[in-house]
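Next up, entry22.cif (mmCIF, C-alpha atoms):
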```
data_target
#
loop_
_atom_site.label_atom_id
_atom_site.label_comp_id
_atom_site.auth_asym_id
_atom_site.auth_seq_id
_atom_site.Cartn_x
_atom_site.Cartn_y
_atom_site.Cartn_z
CA MET X 1 -72.12 -18.18 -121.87
CA ASP X 2 -70.09 -19.58 -118.96
CA VAL X 3 -67.67 -21.25 -121.39
CA LEU X 4 -67.06 -17.96 -123.19
CA GLU X 5 -66.46 -16.16 -119.91
CA ALA X 6 -64.08 -18.91 -118.82
CA LEU X 7 -62.06 -18.37 -121.99
CA VAL X 8 -62.12 -14.58 -121.97
CA LEU X 9 -61.37 -14.07 -118.27
CA PRO X 10 -57.75 -15.33 -118.30
CA VAL X 11 -56.99 -13.38 -121.47
CA SER X 12 -58.43 -10.22 -119.91
CA ILE X 13 -56.41 -10.69 -116.73
CA ILE X 14 -53.18 -11.27 -118.66
CA THR X 15 -53.88 -8.28 -120.92
CA ALA X 16 -54.60 -6.01 -117.95
CA ALA X 17 -51.46 -7.18 -116.13
CA MET X 18 -49.30 -6.62 -119.21
CA GLY X 19 -50.85 -3.18 -119.68
CA PHE X 20 -50.10 -2.33 -116.06
CA ILE X 21 -46.48 -3.47 -116.42
CA LEU X 22 -46.06 -1.58 -119.70
CA GLY X 23 -47.54 1.55 -118.16
CA MET X 24 -45.16 1.35 -115.21
CA ILE X 25 -42.23 0.96 -117.62
CA PHE X 26 -43.43 4.04 -119.53
CA ILE X 27 -43.53 5.99 -116.27
CA PHE X 28 -40.30 4.87 -114.62
CA LYS X 29 -37.98 3.42 -117.32
CA PRO X 30 -38.79 4.84 -120.76
CA ALA X 31 -35.18 4.29 -121.88
CA ALA X 32 -35.70 0.53 -121.52
CA LEU X 33 -38.41 0.70 -124.16
CA GLN X 34 -35.97 2.39 -126.54
CA LYS X 35 -33.53 -0.52 -126.16
CA LEU X 36 -36.34 -3.03 -126.64
CA SER X 37 -37.50 -1.20 -129.75
CA GLU X 38 -34.03 -1.29 -131.24
CA ALA X 39 -33.71 -5.01 -130.51
CA LEU X 40 -37.08 -5.79 -132.08
CA ASN X 41 -36.37 -3.68 -135.17
CA LYS X 42 -33.63 -6.02 -136.36
CA LYS X 43 -34.52 -7.88 -139.53
CA PHE X 44 -35.46 -11.51 -139.03
CA PHE X 45 -37.17 -12.14 -142.37
CA VAL X 46 -36.42 -10.85 -145.84
CA LEU X 47 -39.62 -9.55 -147.36
CA GLU X 48 -38.34 -6.85 -149.68
CA LYS X 49 -41.44 -6.47 -151.88
CA ILE X 50 -43.83 -6.26 -148.99
CA GLN X 51 -41.46 -4.07 -147.03
CA GLN X 52 -41.11 -1.54 -149.84
CA ALA X 53 -44.86 -1.05 -149.96
CA LEU X 54 -45.09 -0.61 -146.19
CA ASP X 55 -41.79 1.17 -145.60
CA LYS X 56 -42.96 4.61 -144.63
CA GLU X 57 -41.01 5.79 -141.64
CA VAL X 58 -42.87 7.64 -138.94
CA GLN X 59 -40.74 9.30 -136.29
CA SER X 60 -42.61 8.81 -133.04
CA ASP X 61 -39.69 8.07 -130.70
CA ASP X 62 -39.15 11.70 -129.75
CA TRP X 63 -42.84 12.22 -129.06
CA LEU X 64 -43.00 9.03 -126.96
CA ALA X 65 -39.92 10.08 -125.02
CA ARG X 66 -41.42 13.50 -124.25
CA LYS X 67 -44.83 12.10 -123.30
CA SER X 68 -43.71 8.86 -121.58
CA LYS X 69 -45.11 9.71 -118.15
CA MET X 70 -48.49 10.73 -119.57
CA ILE X 71 -48.70 7.58 -121.71
CA GLY X 72 -47.66 5.43 -118.75
CA ILE X 73 -50.29 6.95 -116.48
CA ILE X 74 -53.01 6.44 -119.10
CA VAL X 75 -52.00 2.81 -119.69
CA VAL X 76 -51.87 2.10 -115.93
CA ILE X 77 -55.30 3.66 -115.40
CA LEU X 78 -56.81 1.67 -118.26
CA ALA X 79 -55.22 -1.54 -116.96
CA LEU X 80 -56.64 -0.87 -113.49
CA VAL X 81 -60.09 -0.24 -114.99
CA ILE X 82 -59.92 -3.60 -116.77
CA MET X 83 -58.80 -5.33 -113.56
CA LEU X 84 -61.61 -3.71 -111.57
CA GLN X 85 -64.16 -4.75 -114.20
CA ILE X 86 -62.94 -8.34 -113.88
CA ILE X 87 -63.00 -8.26 -110.08
CA VAL X 88 -66.49 -6.69 -109.87
CA ARG X 89 -68.00 -9.37 -112.10
#
```
Would you write the structure of this file as structure tokens?
Amino acid sequence: MDVLEALVLPVSIITAAMGFILGMIFIFKPAALQKLSEALNKKFFVLEKIQQALDKEVQSDDWLARKSKMIGIIVVILALVIMLQIIVR
């Protein structure tokens, strides 16, 4: 079991840290996420057949922009809970 814990612990710490950072970005700089989203939405691969089947657009940007502080707070709290779980063990 020690080997499994040794493998899972670094992943959990990295995940919690990334969640904390993402939550802080949601709280303080939600516009930066919009720019990142636009940059990541550029096409890198041409997969027309697969894309047609999965190409149902869901408009969530406006909702995320309105609720960015709430989402950020939730993500930060969850990241802190994960970090505390790791520290307590």
Expected selection from the PyMOL selection byres ((chain X and resi 65) around 12), given as a list in words =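 With the shown file as input, the PyMOL selection byres ((chain X and resi 65) around 12) matches Ile25, Phe26, Ile27, Phe28, Lys29, Pro30, Ala31, Ala32, Leu33, Gln34, Gln59, Ser60, Asp61, Asp62, Trp63, Leu64, Arg66, Lys67, Ser68, Lys69, Met70, Ile71 and Gly72 of chain X.
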Which distance in Å separates CA of Asp2 (chain X) and CA of Ile87 (chain X), to one decimal?
->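 For CA of Asp2 (chain X) relative to CA of Ile87 (chain X), the distance reads 16.0 Å.
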Translate the PyMOL selection byres ((chain X and resi 16) around 12), as applied to the file shown, into an explicit residue set as a list in words.
->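 Here the PyMOL selection byres ((chain X and resi 16) around 12) matches Leu9, Pro10, Val11, Ser12, Ile13, Ile14, Thr15, Ala17, Met18, Gly19, Phe20, Ile21, Leu22, Gly23, Val75, Val76, Ile77, Leu78, Ala79, Leu80, Val81, Ile82, Met83, Leu84, Gln85, Ile86 and Ile87 of chain X.
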Box in all listed atoms of region 69-74 of chain X, axis-aligned, with 6 Å more on each side; write out centre and edge lengths in Å to one decimal as JSON.
```
{"center_x": -49.1, "center_y": 8.1, "center_z": -119.1, "size_x": 19.9, "size_y": 17.3, "size_z": 17.2}
```
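CA of Gln52 (chain X) is positioned 20.4 Å from CA of Ser37 (chain X).
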Could you work out how far CA of Leu36 (chain X) lies from CA of Ile73 (chain X), giving the answer in Å with one decimal?
->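 Taking CA of Ile73 (chain X) as the start and CA of Leu36 (chain X) as the end point, the length is 19.9 Å.
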